[in-house]
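Worksheet: one structure, shown below.
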Amino acid sequence: MDSRDRLTPSTAFIDELNASVHRAMAETSPAQPPQLTSYPEQTQLWAAATTAVESMHTELEQLSLDIHAHPEVAFTEKHAVAAITEVLRNHGVVATAPAFGLDTAIHAEVGTGKVAVAFLSEYDALPEIGHACGHNLIASAGVGAFLATVAAVREVGREDDVRIVFLGTPAEEGHSGKEYLIRGGAFEGLDAAVMVHPFDMDIASHAWIGRRSATVTFHGVSAHASSQPFMGRNALDAATLLYQGLGLLRQQMPPSDRLHAVISEGGQRPSVIPDTSTVELYVRSLHSDTLVDLSARVTDVCRGAALMTGCSVDIAWDPHPPTLPVRNNQALAQRWRESQAQQGVDALPAGVVPESIAASTDFGNVSQLVPGIHPLIKIAPEGVALHTEQLREAAASPEGLAAMRRAATSLAHVGLDVLFDREFRSVVHAEFVETGPQIRVNEIFP
Ligand SMILES: [Zn+2]
Ligand SMILES: [Zn+2]
């Protein structure tokens with residue numbers, strides 16, 4: 001036996017990955033602040049939004065810290081909803097909650113025009129660990145961006161020309177709250193939908209892969225494992241073959257895709273052939289089409305495992321609606337970079353950080369219907385992962401709160417340009433059309 005500590009994973013790969021990201025960062029030209037000459041009121045509107053966020057920074061920080069101190073898991077976010085609607089009310093905005101059929105969704109609108117932008121806030125926490133995904137900062141950034149956009153639009157007296165929408169979107173963690181909002185009509189008639197997410201780097205456009213889940217149940221025949229094993233049909237064998245089959249399938253998958261599974265039920269005692277077993281699995285893929293394909297292949301592996309063991313199988317796909325990959329709008333992302341540059345932050349463009357470092361979000365479903373961005377803001381030292389205690393602490397730190405304020409300002413800047421820069425709006429729209437048709441998740445996974 002060598003003395004290598006097998007319980008300590010080698011950092012060789014992640015070190016090389018990080019080094020290659022840093023080499024790519026060094027080769028990327030930093031974003032420059034924009035000239036602000038795209039349309040007549042641009043300088044005034046951007047300045048008004050910046051000032052508005054500055055003037056309410058204490059309220060936004062308190063809101064973040066309040067939500068952070070009262071973590072609520074998916075669909076139970078009552079404290080957060082009350083806190084957010086109170087801040088909106090203090091700024092003269094009447095918000096509706098419940099909204100779109102969800103108890104803890106929020107809807108507010110200002111303006112009566114046809115051109116419309118939505119600012120999204122998440123506020124759910126993780127079970128046990130709390131705000132380890134920093135959604136408390138997303139909440140304040142969305143509220144701040146919405147109110148700053150309203151303030152800027154009022155300053156130039158253009159409320160009749162535009163519609164500014166705030167959407168409080170519950171239940172992102174382990175669920176797909178935004179998909180229910182989509183089905184409730186929350187995203188109809190919008191020109192863009194924007195939000196931010198905390199991270200350990202500033203990235204304007206990053207890959208988020210689509211995700212489906214399934215509960216797979218095998219049914220066999222129980223028998224005494226010693227006296228009459230030949231009279232049994234072993235459901236645990238089926239689960240084992242499925243688990244092995246997924247392992248073999250991995251080699252034939254695209255490199256960005258992911259499969260995870262656990263056997264959550266596999267029998268009671270060794271002397272009894274198990275007649276039931278259950279496997280919980282996730283399938284993730286970089287594109288909607290490849291998510292469809294990978295799901296079909298996994299279904300085949302489930303059926304094959306059942307056939308080999310003489311069991312039957314029930315495959316319950318999608319106990320929650322699936323999430324689609326995020327379709328980042330590069331025109332919007334570029335404007336985000338310019339606004340962040342104006343505030344001294346260099347947000348990386350697409351392609352610097354590899355697509356293999358990716359998780360999933362229900363914003364994917366939104367971004368397949370409406371042009372959108374989901375940029376990442378650095379709130380923690382590099383290397384701190386989402387869903388960790390360090391990230392949770394960072395989500396209430398001065399650095400986290402400062403990043404949230406800059407994010408509120410930049411979301412407002414991007415939103416204002418969508419609302420008032422006709423040429424920019426058409427570029428955003430044209431890019432969206434060029435990257436494929438709108439995709440509704442319940443149409444590709446009926
Ligand atoms: Zn998360
Ligand atoms: Zn999150």
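Chains: A, B, ... in order of the structure tokens. Residues: from 1 per chain. Ligands: from 1, in order shown.
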Residues within 12 Å of ligand 2 should be enumerated using only C-alpha atoms and all ligand atoms and returned as a VMD selection string.
chain A and resid 74 121 to 126 130 to 139 169 to 176 195 to 199 208 358 to 363 374 to 377 385 to 388 391 to 392 395
Could you find all residues in stretch 116-354 of chain A that DSSP calls strand (DSSP E) from the backbone, and write them as an MDAnalysis selection string?
chainID A and resid 116:121 162:168 192:194 197:199 210:219 258:265 276:285 312:317
Polymer residues at most 9 Å from A:Asp318, only C-alpha atoms, same-chain spacing of 6 or more positions, as JSON, numbers by chain:
{"A": [212, 213, 214, 215, 445]}
Filtering to N, CA and C atoms, could you give me those residues as a compact mmCIF listing (two decimals), in the first residue's frame?
# COMPACT_ATOMS: atom_id res chain seq x y z
N ARG A 212 -33.44 17.70 -16.04
CA ARG A 212 -34.67 16.95 -15.76
C ARG A 212 -34.39 16.00 -14.60
N SER A 213 -35.42 15.61 -13.92
CA SER A 213 -35.24 14.60 -12.88
C SER A 213 -36.26 13.50 -13.10
N ALA A 214 -35.97 12.34 -12.54
CA ALA A 214 -36.89 11.21 -12.67
C ALA A 214 -36.80 10.33 -11.42
N THR A 215 -37.94 9.77 -11.07
CA THR A 215 -37.99 8.72 -10.04
C THR A 215 -38.29 7.42 -10.76
N PHE A 445 -41.24 18.49 -23.47
CA PHE A 445 -41.40 17.35 -22.53
C PHE A 445 -42.86 17.31 -22.08
Surrounding residues of stretch 148-151 of chain A excluding itself and chain neighbours under 6 positions, 10 Å, only C-alpha atoms, as a ChimeraX atom specification:
/A:45-46,48-56,91,93,109-111,117,119,142,157-159,162-165,408-409,411-416,419
Store the residues of this selection in a file with N, CA and C atoms, as a short mmCIF file (atom, residue, chain, number, x, y, z; two decimals), in the first residue's frame.
data_model
loop_
_atom_site.label_atom_id
_atom_site.label_comp_id
_atom_site.auth_asym_id
_atom_site.auth_seq_id
_atom_site.Cartn_x
_atom_site.Cartn_y
_atom_site.Cartn_z
N LEU A 45 -30.50 59.15 -18.07
CA LEU A 45 -31.18 57.98 -17.49
C LEU A 45 -30.20 57.12 -16.68
N TRP A 46 -29.01 56.89 -17.24
CA TRP A 46 -28.02 56.08 -16.50
C TRP A 46 -27.65 56.76 -15.19
N ALA A 48 -29.42 58.90 -13.48
CA ALA A 48 -30.56 58.88 -12.56
C ALA A 48 -30.67 57.52 -11.87
N ALA A 49 -30.44 56.45 -12.62
CA ALA A 49 -30.52 55.11 -12.03
C ALA A 49 -29.41 54.91 -11.00
N THR A 50 -28.20 55.36 -11.36
CA THR A 50 -27.07 55.23 -10.42
C THR A 50 -27.37 55.97 -9.13
N THR A 51 -27.87 57.20 -9.26
CA THR A 51 -28.19 58.01 -8.08
C THR A 51 -29.30 57.36 -7.26
N ALA A 52 -30.29 56.81 -7.94
CA ALA A 52 -31.42 56.19 -7.23
C ALA A 52 -30.93 55.01 -6.38
N VAL A 53 -30.06 54.17 -6.95
CA VAL A 53 -29.55 53.02 -6.17
C VAL A 53 -28.72 53.53 -4.99
N GLU A 54 -27.90 54.57 -5.24
CA GLU A 54 -27.11 55.13 -4.13
C GLU A 54 -28.01 55.62 -3.01
N SER A 55 -29.10 56.30 -3.40
CA SER A 55 -29.95 56.91 -2.38
C SER A 55 -30.72 55.86 -1.57
N MET A 56 -30.92 54.67 -2.13
CA MET A 56 -31.66 53.66 -1.35
C MET A 56 -30.76 52.51 -0.92
N HIS A 91 -41.81 52.99 -1.65
CA HIS A 91 -41.44 53.79 -2.83
C HIS A 91 -42.66 54.05 -3.71
N VAL A 93 -44.97 51.97 -4.83
CA VAL A 93 -45.33 50.94 -5.81
C VAL A 93 -46.19 49.87 -5.13
N GLU A 109 -45.96 46.55 -11.44
CA GLU A 109 -45.74 47.18 -12.75
C GLU A 109 -45.89 48.68 -12.64
N VAL A 110 -45.06 49.40 -13.38
CA VAL A 110 -45.20 50.84 -13.49
C VAL A 110 -45.11 51.18 -14.98
N GLY A 111 -45.99 52.08 -15.42
CA GLY A 111 -45.96 52.52 -16.82
C GLY A 111 -47.01 51.79 -17.64
N VAL A 117 -39.78 45.71 -19.87
CA VAL A 117 -38.65 44.97 -19.32
C VAL A 117 -39.03 44.47 -17.93
N PHE A 119 -37.60 42.86 -14.25
CA PHE A 119 -36.50 42.61 -13.32
C PHE A 119 -36.95 41.50 -12.38
N GLY A 142 -32.74 42.88 -7.66
CA GLY A 142 -33.93 43.01 -8.51
C GLY A 142 -34.82 44.18 -8.09
N GLY A 157 -40.02 61.82 -17.38
CA GLY A 157 -41.46 61.91 -17.69
C GLY A 157 -41.90 61.00 -18.82
N ARG A 158 -41.34 59.77 -18.87
CA ARG A 158 -41.66 58.89 -20.00
C ARG A 158 -42.46 57.65 -19.56
N GLU A 159 -43.20 57.77 -18.45
CA GLU A 159 -43.94 56.61 -17.94
C GLU A 159 -44.96 56.05 -18.92
N VAL A 162 -43.36 53.30 -21.63
CA VAL A 162 -42.73 52.01 -21.30
C VAL A 162 -43.50 51.31 -20.18
N ARG A 163 -43.16 50.04 -20.01
CA ARG A 163 -43.73 49.26 -18.90
C ARG A 163 -42.56 48.62 -18.16
N ILE A 164 -42.47 48.91 -16.85
CA ILE A 164 -41.38 48.39 -16.02
C ILE A 164 -42.01 47.37 -15.07
N VAL A 165 -41.50 46.13 -15.16
CA VAL A 165 -42.15 45.03 -14.45
C VAL A 165 -41.21 44.48 -13.39
N ALA A 408 -27.60 46.04 -9.03
CA ALA A 408 -28.88 46.75 -9.18
C ALA A 408 -28.74 47.87 -10.21
N THR A 409 -27.63 48.60 -10.11
CA THR A 409 -27.38 49.72 -11.03
C THR A 409 -27.24 49.21 -12.47
N LEU A 411 -28.25 46.34 -13.81
CA LEU A 411 -29.52 45.80 -14.35
C LEU A 411 -30.41 46.96 -14.81
N ALA A 412 -30.45 48.03 -14.03
CA ALA A 412 -31.26 49.20 -14.42
C ALA A 412 -30.74 49.81 -15.72
N HIS A 413 -29.41 49.93 -15.84
CA HIS A 413 -28.84 50.50 -17.07
C HIS A 413 -29.23 49.66 -18.30
N VAL A 414 -29.06 48.35 -18.16
CA VAL A 414 -29.41 47.47 -19.29
C VAL A 414 -30.90 47.60 -19.60
N GLY A 415 -31.71 47.60 -18.56
CA GLY A 415 -33.17 47.71 -18.75
C GLY A 415 -33.56 49.02 -19.42
N LEU A 416 -32.95 50.10 -19.00
CA LEU A 416 -33.26 51.42 -19.59
C LEU A 416 -32.90 51.44 -21.07
N LEU A 419 -35.47 49.71 -23.01
CA LEU A 419 -36.71 50.49 -23.08
C LEU A 419 -36.60 51.66 -24.05
#
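For stretch 398-400 of chain A, the set of protein, DNA and RNA residues having any atom at most 8 Å away, when counting only C-alpha atoms and skipping those fewer than 3 positions along the same chain, is Leu137, Lys378, Ile379, Ala380, Ala394, Ala395, Ala403 and Met404 of chain A.
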Measuring between only C-alpha atoms, which one of A:Leu241, A:Val370, A:Ala152, A:Leu246 shows the shortest distance to A:Ala186?
A:Val370
Extract, using only C-alpha atoms, all DNA, RNA and protein residues at most 7 Å from stretch 23-33 of chain A, discarding same-chain residues fewer than 3 positions from it, and format them as a list in words.
Ala19, Ser20, Arg337, Glu338, Ser339, Ala341, Gln342, Asp346 and Val352 of chain A
Give the answer as one residue: which of A:Leu332, A:Val216, A:Ala99, A:Ala80 has the shortest atom-to-atom distance to A:Gly185, using only C-alpha atoms?
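Looking at the shortest contact to A:Gly185, the residue is A:Ala99.
Near A:Arg422, within 10 Å and counting only C-alpha atoms, sit A:Ser38, A:Tyr39, A:Val115, A:Asp417, A:Val418, A:Ser426, A:Val427, A:Val428; same-chain residues fewer than 4 positions away were not included.
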So the first atom is atom CA of A:Pro229 and the second is atom CA of A:Thr299; what is the distance between them in Å, to one decimal place?
28.2 Å
Could you tell me, as a PyMOL selection string, which residues of stretch 128-377 of chain A DSSP assigns to helix (DSSP H, G or I) when given the backbone?
chain A and resi 135-155+177-183+229-231+235-252+288-309+330-342+363-367
Which residue of A:Ser397, A:Thr11, A:Ser356, A:Gln35 approaches A:Leu286 most closely, using only C-alpha atoms:
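Distance minimum relative to A:Leu286 lands on A:Ser356.
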Pairwise distance, atom CA of A:Asp237 with atom CA of A:Val283, equals 21.6 Å
